[in-house]
Each structure stands twice: as structure tokens, then as C-alpha cells.
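Student: What follows is a structure written as C-alpha cells; I'll ask about it next.
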Amino acid sequence: MAPLLGLTPLGPPLLALLLAVQLALPQLFDQALDASRQGRFGDALPLWDQVLERAPDSASAWSNRGNVQLALGRPEAAIADQNRSMALEPDNPDPHLNRGTAEEALRQWPEAEADYRWILERDPADASALYNLGNVRGSQGDWEAARDHFEAASDARPGFAMARSSAALAAFQLGESASAERQLRSLIRRYPMFADARAGLTALLWRRGASGEAESHWAAASGLDPRYGQPEWLLEQRRWPPEPVHALEEFLTLTR
């Protein structure tokens with residue numbers, strides 16, 4: 001049968017929106033949450049809009065929509081949604097953590113630090129707040145304080161591999177190469193598929209002249225996550241310290 005003239009296929013966000021109209025609120029909430037967790041943010045946003053139309057007093061829905069806004073590159077909208085969530089549930093730490101992440105995206109370091117410290121005043125062992133605060137201090141150039149926060153996050157949550165790797169990279173930045181190497185090697189023994197530690201060790205080994213082993217670790221790291229070959233991503237997204245980034249750039253420039 002020939003297609004009807006004047007009609008165009010429905011895109012995924014519009015289709016999700018139309019389907020959502022037929023769902024009960026709990027089902028709609030679950031569908032929005034699933035789309036968010038799966039990284040289908042274009043689908044998730046209209047679903048959260050529908051949830052909030054029906055349940056404007058849902059603090060969780062506001063916070064979840066804020067996370068989707070941030071993932072879609074809208075940090076100001078994310079902050080506005082987290083503010084609505086906080087107004088509804090003033091004692092919930094999650095919107096503060098989420099708002100801090102959005103503030104970091106806008107390079108609003110004092111505001112982000114204030115949100116993380118609000119959490120830590122109530123729970124000094126909150127690993128996520130400790131880790132994010134380490135990123136803030138690193139972005140401000142205070143790598144001693146950053147390392148302290150990364151180590152505290154690792155102590156608070158055993159198995160927090162990214163916090164341990166960040167602490168090692170901060171040690172590299174501070175000129176403590178032997179300590180950084182021990183930590184990175186320990187991480188790789190425990191998590192052989194952890195690209196961050198392998199890329200960090202690549203930079204460190206290259207800097208001290210162990211080029212053969214550096215190339216071996218880089219082959220693994222780049223295969224696991226090619227983003228580690230992008231210095232801008234390392235600095236702006238992963239938030240490596242500048243010295244390891246420069247060392248890895250030297251390695252890549254001379255081995256490509």
C-alpha cells in the first residue's frame with residue numbers, strides 16, 4: 001500500500017511522548033528512569049516532562065529530569081530542576097550532588113564546592129561528594145587537597161577504582177612518581193581492564209624512559225577506551241592533572 005501523503009514517521013522522542021500518555025504514573029516513571037539509565041536522553045526528557053505534569057511535587061522526578069538536562073548539555077536547566085527538587089525535599093543529598101555536577105560543567109567551582117560540603121557536613125564519608133570535591137580542588141590547581149579528597153573517597157568506598165586512579169595521578173602531578181607508579185600498578189593487577197590506570201601508567205613510564213612497557217600499556221588502554229588519546233577530553237571531562245596529560249601527549253606525538 002502506498003504511504004499516505006503529507007505524513008512523516010514519528011521520531012523516537014515524539015513516539016515516546018505519545019506512548020507515555022497511555023501509561024499509569026508508576027509505569028511512566030519507570031519508563032523514564034529506564035530511558036535515563038540506558039542513555040536514551042532524547043527519549044527520557046519528554047517522559048520526565050509527562051511525569052512532572054502529573055506529579056509536580058515529585059522531588060525525585062525533578063532531580064532525574066535535571067540529570068537528563070545536564071546530559072543533553074543544558075547545565076542551567078539542570079540546576080533549575082535540582083533547585084525544585086531541593087525545595088520539595090530539603091534534606092535529600094542527591095540534588096546537591098547533582099547540582100554540584102552541573103555547576104562544575106559551568107566552571108562554578110565555589111558553588112559546586114558548597115554543594116559537596118553541604119553533603120559532607122551531614123555525612124563525612126560520602127564517597128561521591130569527596131571524589132567530586134577532589135575534582136573541584138584539582139580544577140582550582142590545588143592538587144594536594146585534591147589528592148587528599150580522592151584518597152578519602154577511596155577509603156570511604158573500597159573498590160572505588162577511579163578515586164584511587166585520580167589519587168595516583170595527583171601524586172604524579174605533585175612529582176611523587178614512585179608512589180603514583182605503585183598505586184597504578186596495584187590498580188592494574190586488581191582491575192586489568194581499567195583503562196584509566198593503564199593510560200596513567202603509560203604517561204608515567206614514558207616520562208621516566210621506559211618506552212617499551214609504556215607502549216604495551218597504551219595498546220591495552222587505547223583498545224579499552226579510545227578517548228584516552230584525546231588530551232582535551234582528559235583535561236575537561238576526565239579531569240586529569242596537566243602533567244600526566246602533557247606526558248601522554250609527548251608519548252602519542254612521538255609514537256604515532
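In the C-alpha cells, chains take the letters A, B, ... in the order shown, each chain's residues start at 1, and ligands count up from 1 in the order shown.
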As an MDAnalysis selection string, please: the residues near A:Pro242 (cut-off 8 Å, only C-alpha atoms, same-chain neighbours under 4 positions excluded).

Tutor: chainID A and resid 173 235 246

Student: For a test of reading the model, state the distance in Å between atom CA of A:Glu249 and atom CA of A:Trp233, rounded to one decimal.

Tutor: 12.2 Å

Student: Find the spatial neighbours of A:Trp240, counting only C-alpha atoms, within a cut-off of 10 Å - ignore same-chain residues fewer than 3 positions away - and output them as a PyMOL selection string.

Tutor: chain A and resi 135+138-139+165-166+169-170+173+196+200+231-237+243-245

Student: Can you spit out the residues from that selection as a short mmCIF file (atom, residue, chain, number, x, y, z; two decimals), in the first residue's frame, using N, CA and C atoms?

Tutor:
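Just written: part-v5.cif:
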```
data_model
loop_
_atom_site.label_atom_id
_atom_site.label_comp_id
_atom_site.auth_asym_id
_atom_site.auth_seq_id
_atom_site.Cartn_x
_atom_site.Cartn_y
_atom_site.Cartn_z
N ASN A 135 37.80 16.72 42.47
CA ASN A 135 37.84 17.28 41.12
C ASN A 135 37.77 18.80 41.12
N GLY A 138 41.15 20.11 42.25
CA GLY A 138 42.10 19.96 41.16
C GLY A 138 41.89 21.01 40.08
N SER A 139 40.64 21.28 39.75
CA SER A 139 40.34 22.30 38.75
C SER A 139 40.81 23.69 39.19
N SER A 165 42.71 5.87 41.16
CA SER A 165 43.48 6.29 40.00
C SER A 165 43.70 7.81 40.02
N SER A 166 42.67 8.55 40.40
CA SER A 166 42.80 10.00 40.47
C SER A 166 43.82 10.41 41.53
N LEU A 169 47.22 9.88 39.99
CA LEU A 169 47.53 10.92 39.01
C LEU A 169 47.86 12.25 39.70
N ALA A 170 47.19 12.53 40.81
CA ALA A 170 47.53 13.72 41.58
C ALA A 170 48.95 13.62 42.14
N GLN A 173 51.27 14.46 39.40
CA GLN A 173 51.30 15.90 39.23
C GLN A 173 52.21 16.56 40.27
N ASP A 196 41.83 3.72 32.66
CA ASP A 196 42.38 4.92 33.26
C ASP A 196 43.75 4.66 33.87
N GLY A 200 47.32 6.13 32.58
CA GLY A 200 48.15 6.89 33.51
C GLY A 200 49.53 6.30 33.64
N PRO A 231 43.63 14.62 24.41
CA PRO A 231 44.05 15.45 25.54
C PRO A 231 42.95 16.38 26.07
N GLU A 232 42.15 16.94 25.16
CA GLU A 232 41.09 17.85 25.62
C GLU A 232 40.07 17.10 26.49
N TRP A 233 39.73 15.88 26.09
CA TRP A 233 38.80 15.08 26.89
C TRP A 233 39.41 14.77 28.26
N LEU A 234 40.70 14.44 28.27
CA LEU A 234 41.36 14.13 29.54
C LEU A 234 41.31 15.31 30.50
N LEU A 235 41.54 16.51 29.98
CA LEU A 235 41.56 17.69 30.83
C LEU A 235 40.16 18.16 31.23
N GLU A 236 39.24 18.18 30.27
CA GLU A 236 37.95 18.81 30.51
C GLU A 236 36.89 17.85 31.03
N GLN A 237 36.93 16.60 30.61
CA GLN A 237 35.91 15.63 31.01
C GLN A 237 36.42 14.69 32.10
N GLU A 243 50.08 17.62 34.22
CA GLU A 243 51.37 16.96 33.98
C GLU A 243 51.21 15.57 33.36
N PRO A 244 50.34 14.69 33.87
CA PRO A 244 50.12 13.42 33.18
C PRO A 244 49.59 13.59 31.76
N VAL A 245 48.75 14.60 31.53
CA VAL A 245 48.23 14.84 30.18
C VAL A 245 49.37 15.21 29.24
#
```

Student: Would you mind listing what lies within 9 Å of A:Glu113 as a count of residues only, with only C-alpha atoms counted and same-chain residues fewer than 2 positions away left out?

Tutor: 14

Student: Excluding A:Ala55 and residues on its chain fewer than 6 positions from it, collect all residues at most 12 Å away from it, counting only C-alpha atoms, and give them as a short mmCIF file (atom, residue, chain, number, x, y, z; two decimals) with C-alpha atoms, in the first residue's frame.

Tutor:
```cif
data_model
loop_
_atom_site.label_atom_id
_atom_site.label_comp_id
_atom_site.auth_asym_id
_atom_site.auth_seq_id
_atom_site.Cartn_x
_atom_site.Cartn_y
_atom_site.Cartn_z
CA ALA A 24 -0.18 4.88 34.50
CA LEU A 25 2.08 7.17 36.52
CA PRO A 26 4.24 4.42 38.13
CA LEU A 28 5.58 6.18 33.19
CA PHE A 29 8.11 6.92 35.94
CA TRP A 48 10.04 13.16 32.60
CA ASP A 49 8.03 16.13 31.32
CA ALA A 61 11.31 13.33 39.11
CA TRP A 62 12.69 16.87 39.20
#
```

Student: With distances taken over only C-alpha atoms, which residue among A:Leu72, A:Leu23, A:Glu176, A:Leu205 lies nearest A:Asp43?

Tutor: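 Answer, going by the shortest atom-to-atom distance: A:Leu72.
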
Student: Give the answer as one residue: which of A:Arg189, A:Arg107, A:Arg147, A:Arg37 has the shortest atom-to-atom distance to A:Pro75, using only C-alpha atoms?

Tutor: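 Looking at the shortest contact to A:Pro75, the residue is A:Arg107.
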
Student: Suppose you want the space between atom CA of A:Ala44 and atom CA of A:Ala32; what is it in Å?

Tutor: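 Computing the Euclidean distance for atom CA of A:Ala44 and atom CA of A:Ala32 yields 5.1 Å.
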
Student: Of the candidates A:Arg122, A:Arg84, A:Arg164, A:Arg54, which one gets nearest to A:Ala197 if we count only C-alpha atoms?

Tutor: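 Residue with the minimum atom-to-atom distance to A:Ala197: A:Arg164.
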